[in-house]
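Below is one structure, written out as structure tokens, with a few remarks after it.
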Amino acid sequence: QVQLVESGGGLVQAGGSLRLSCAASRSIFSTNYMGWYRQAPGKQRELVARITSGGSTDYADSVKGRFTISRDNAKNTVYLQMNSLKPEDTAVYSCNGYFYGLGDYWGQGTQVTVSS
């Protein structure tokens with residue numbers, strides 16, 4: 001079993017920044033990838049950013065140049081730095097990771113609200 005615990009969400013004005021953290025209960029070194037997803041009310045969940053064990057990253061077009069995903073293997077933590085936030089970034093952000101031999105795991109999510 002793996003627990004993923006997100007933190008760092010909250011209310012911020014448009015143009016502001018937030019940093020989300022996802023702490024894993026076991027080593028993230030043994031993951032194929034870790035990612036952040038988001039789901040806004042009435043919309044499907046979408047991939048925001050993903051980082052592989054080798055450090056390669058992918059971003060949704062809507063966040064490129066504004067968001068940065070990173071990982072600290074020593075702390076078993078993945079981060080999502082979000083800058084220049086827009087009201088359309090408002091959503092529940094969830095952490096996801098695929099752990100070799102264990103499977104796919106999700107955190108409980110953290111709310112990000114961007115006011116205009």
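How things are named: the first chain in the structure tokens is A, the next is B, and so on; residues count from 1 in each chain; ligands count from 1 in the order shown.
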
Taking only residues of region 49-85 of chain A that have an atom at most 12 Å from an atom of region 6-30 of chain A, what is each one's shortest atom pair and its distance in Å to one decimal, using only C-alpha atoms, in chain and number order, as JSON lines?
{"residue": "A:Ile51", "atom": "CA", "partner": "A:Ile28", "partner_atom": "CA", "distance": 11.1}
{"residue": "A:Thr52", "atom": "CA", "partner": "A:Phe29", "partner_atom": "CA", "distance": 9.7}
{"residue": "A:Ser53", "atom": "CA", "partner": "A:Phe29", "partner_atom": "CA", "distance": 6.5}
{"residue": "A:Gly54", "atom": "CA", "partner": "A:Phe29", "partner_atom": "CA", "distance": 9.4}
{"residue": "A:Gly55", "atom": "CA", "partner": "A:Phe29", "partner_atom": "CA", "distance": 10.8}
{"residue": "A:Arg66", "atom": "CA", "partner": "A:Ser17", "partner_atom": "CA", "distance": 9.5}
{"residue": "A:Phe67", "atom": "CA", "partner": "A:Arg19", "partner_atom": "CA", "distance": 9.4}
{"residue": "A:Thr68", "atom": "CA", "partner": "A:Arg19", "partner_atom": "CA", "distance": 9.4}
{"residue": "A:Ile69", "atom": "CA", "partner": "A:Leu20", "partner_atom": "CA", "distance": 9.4}
{"residue": "A:Ser70", "atom": "CA", "partner": "A:Ser21", "partner_atom": "CA", "distance": 9.7}
{"residue": "A:Arg71", "atom": "CA", "partner": "A:Ile28", "partner_atom": "CA", "distance": 8.6}
{"residue": "A:Asp72", "atom": "CA", "partner": "A:Ile28", "partner_atom": "CA", "distance": 8.6}
{"residue": "A:Asn73", "atom": "CA", "partner": "A:Phe29", "partner_atom": "CA", "distance": 5.9}
{"residue": "A:Ala74", "atom": "CA", "partner": "A:Ser27", "partner_atom": "CA", "distance": 8.1}
{"residue": "A:Lys75", "atom": "CA", "partner": "A:Ala23", "partner_atom": "CA", "distance": 7.7}
{"residue": "A:Asn76", "atom": "CA", "partner": "A:Ile28", "partner_atom": "CA", "distance": 5.3}
{"residue": "A:Thr77", "atom": "CA", "partner": "A:Ala23", "partner_atom": "CA", "distance": 4.5}
{"residue": "A:Val78", "atom": "CA", "partner": "A:Cys22", "partner_atom": "CA", "distance": 5.1}
{"residue": "A:Tyr79", "atom": "CA", "partner": "A:Ser21", "partner_atom": "CA", "distance": 4.6}
{"residue": "A:Leu80", "atom": "CA", "partner": "A:Leu20", "partner_atom": "CA", "distance": 5.0}
{"residue": "A:Gln81", "atom": "CA", "partner": "A:Arg19", "partner_atom": "CA", "distance": 4.4}
{"residue": "A:Met82", "atom": "CA", "partner": "A:Leu18", "partner_atom": "CA", "distance": 5.3}
{"residue": "A:Asn83", "atom": "CA", "partner": "A:Ser17", "partner_atom": "CA", "distance": 4.4}
{"residue": "A:Ser84", "atom": "CA", "partner": "A:Gly15", "partner_atom": "CA", "distance": 4.2}
{"residue": "A:Leu85", "atom": "CA", "partner": "A:Gly15", "partner_atom": "CA", "distance": 4.9}

Long-range neighbours of region 33-39 of chain A as an MDAnalysis selection string, 7 Å cut-off, only C-alpha atoms, 2 positions minimum in chain: chainID A and resid 31 41 43:53 91:98

DSSP-assigned strand (DSSP E or B) among chain A, expressed as a PyMOL selection string: chain A and resi 4-7+10-13+18-24+31-39+46-52+57-59+67-72+77-82+91-99+103-106+110-115

Can you list, as a PDB file with N, CA, C and O atoms, in the first residue's frame, every residue of chain A that DSSP puts in helix (DSSP H, G or I)?
ATOM      1  N   ILE A  28       9.681   7.223  -3.869  1.00  0.00           N
ATOM      2  CA  ILE A  28       9.199   7.510  -5.210  1.00  0.00           C
ATOM      3  C   ILE A  28      10.238   7.182  -6.255  1.00  0.00           C
ATOM      4  O   ILE A  28       9.993   7.316  -7.443  1.00  0.00           O
ATOM      5  N   PHE A  29      11.402   6.733  -5.793  1.00  0.00           N
ATOM      6  CA  PHE A  29      12.429   6.342  -6.752  1.00  0.00           C
ATOM      7  C   PHE A  29      11.963   5.149  -7.561  1.00  0.00           C
ATOM      8  O   PHE A  29      12.362   4.952  -8.695  1.00  0.00           O
ATOM      9  N   SER A  30      11.040   4.332  -6.943  1.00  0.00           N
ATOM     10  CA  SER A  30      10.556   3.125  -7.602  1.00  0.00           C
ATOM     11  C   SER A  30       9.274   3.368  -8.387  1.00  0.00           C
ATOM     12  O   SER A  30       8.452   2.482  -8.548  1.00  0.00           O
ATOM     13  N   ASN A  73      13.581  12.966  -4.569  1.00  0.00           N
ATOM     14  CA  ASN A  73      13.552  11.549  -4.206  1.00  0.00           C
ATOM     15  C   ASN A  73      13.944  11.324  -2.748  1.00  0.00           C
ATOM     16  O   ASN A  73      13.431  10.414  -2.095  1.00  0.00           O
ATOM     17  N   ALA A  74      14.818  12.144  -2.217  1.00  0.00           N
ATOM     18  CA  ALA A  74      15.251  11.983  -0.823  1.00  0.00           C
ATOM     19  C   ALA A  74      14.102  12.230   0.150  1.00  0.00           C
ATOM     20  O   ALA A  74      14.063  11.650   1.240  1.00  0.00           O
ATOM     21  N   LYS A  75      13.180  13.117  -0.243  1.00  0.00           N
ATOM     22  CA  LYS A  75      12.032  13.438   0.613  1.00  0.00           C
ATOM     23  C   LYS A  75      10.768  12.705   0.177  1.00  0.00           C
ATOM     24  O   LYS A  75       9.699  12.909   0.758  1.00  0.00           O
ATOM     25  N   PRO A  87      -8.138  32.233 -13.171  1.00  0.00           N
ATOM     26  CA  PRO A  87      -9.381  31.658 -12.617  1.00  0.00           C
ATOM     27  C   PRO A  87      -9.692  30.269 -13.195  1.00  0.00           C
ATOM     28  O   PRO A  87     -10.225  29.412 -12.480  1.00  0.00           O
ATOM     29  N   GLU A  88      -9.337  30.038 -14.443  1.00  0.00           N
ATOM     30  CA  GLU A  88      -9.607  28.735 -15.046  1.00  0.00           C
ATOM     31  C   GLU A  88      -8.711  27.618 -14.514  1.00  0.00           C
ATOM     32  O   GLU A  88      -8.908  26.452 -14.852  1.00  0.00           O
ATOM     33  N   ASP A  89      -7.747  27.956 -13.673  1.00  0.00           N
ATOM     34  CA  ASP A  89      -6.943  26.933 -13.002  1.00  0.00           C
ATOM     35  C   ASP A  89      -7.642  26.385 -11.758  1.00  0.00           C
ATOM     36  O   ASP A  89      -7.147  25.425 -11.146  1.00  0.00           O
TER      37      ASP A  89
END
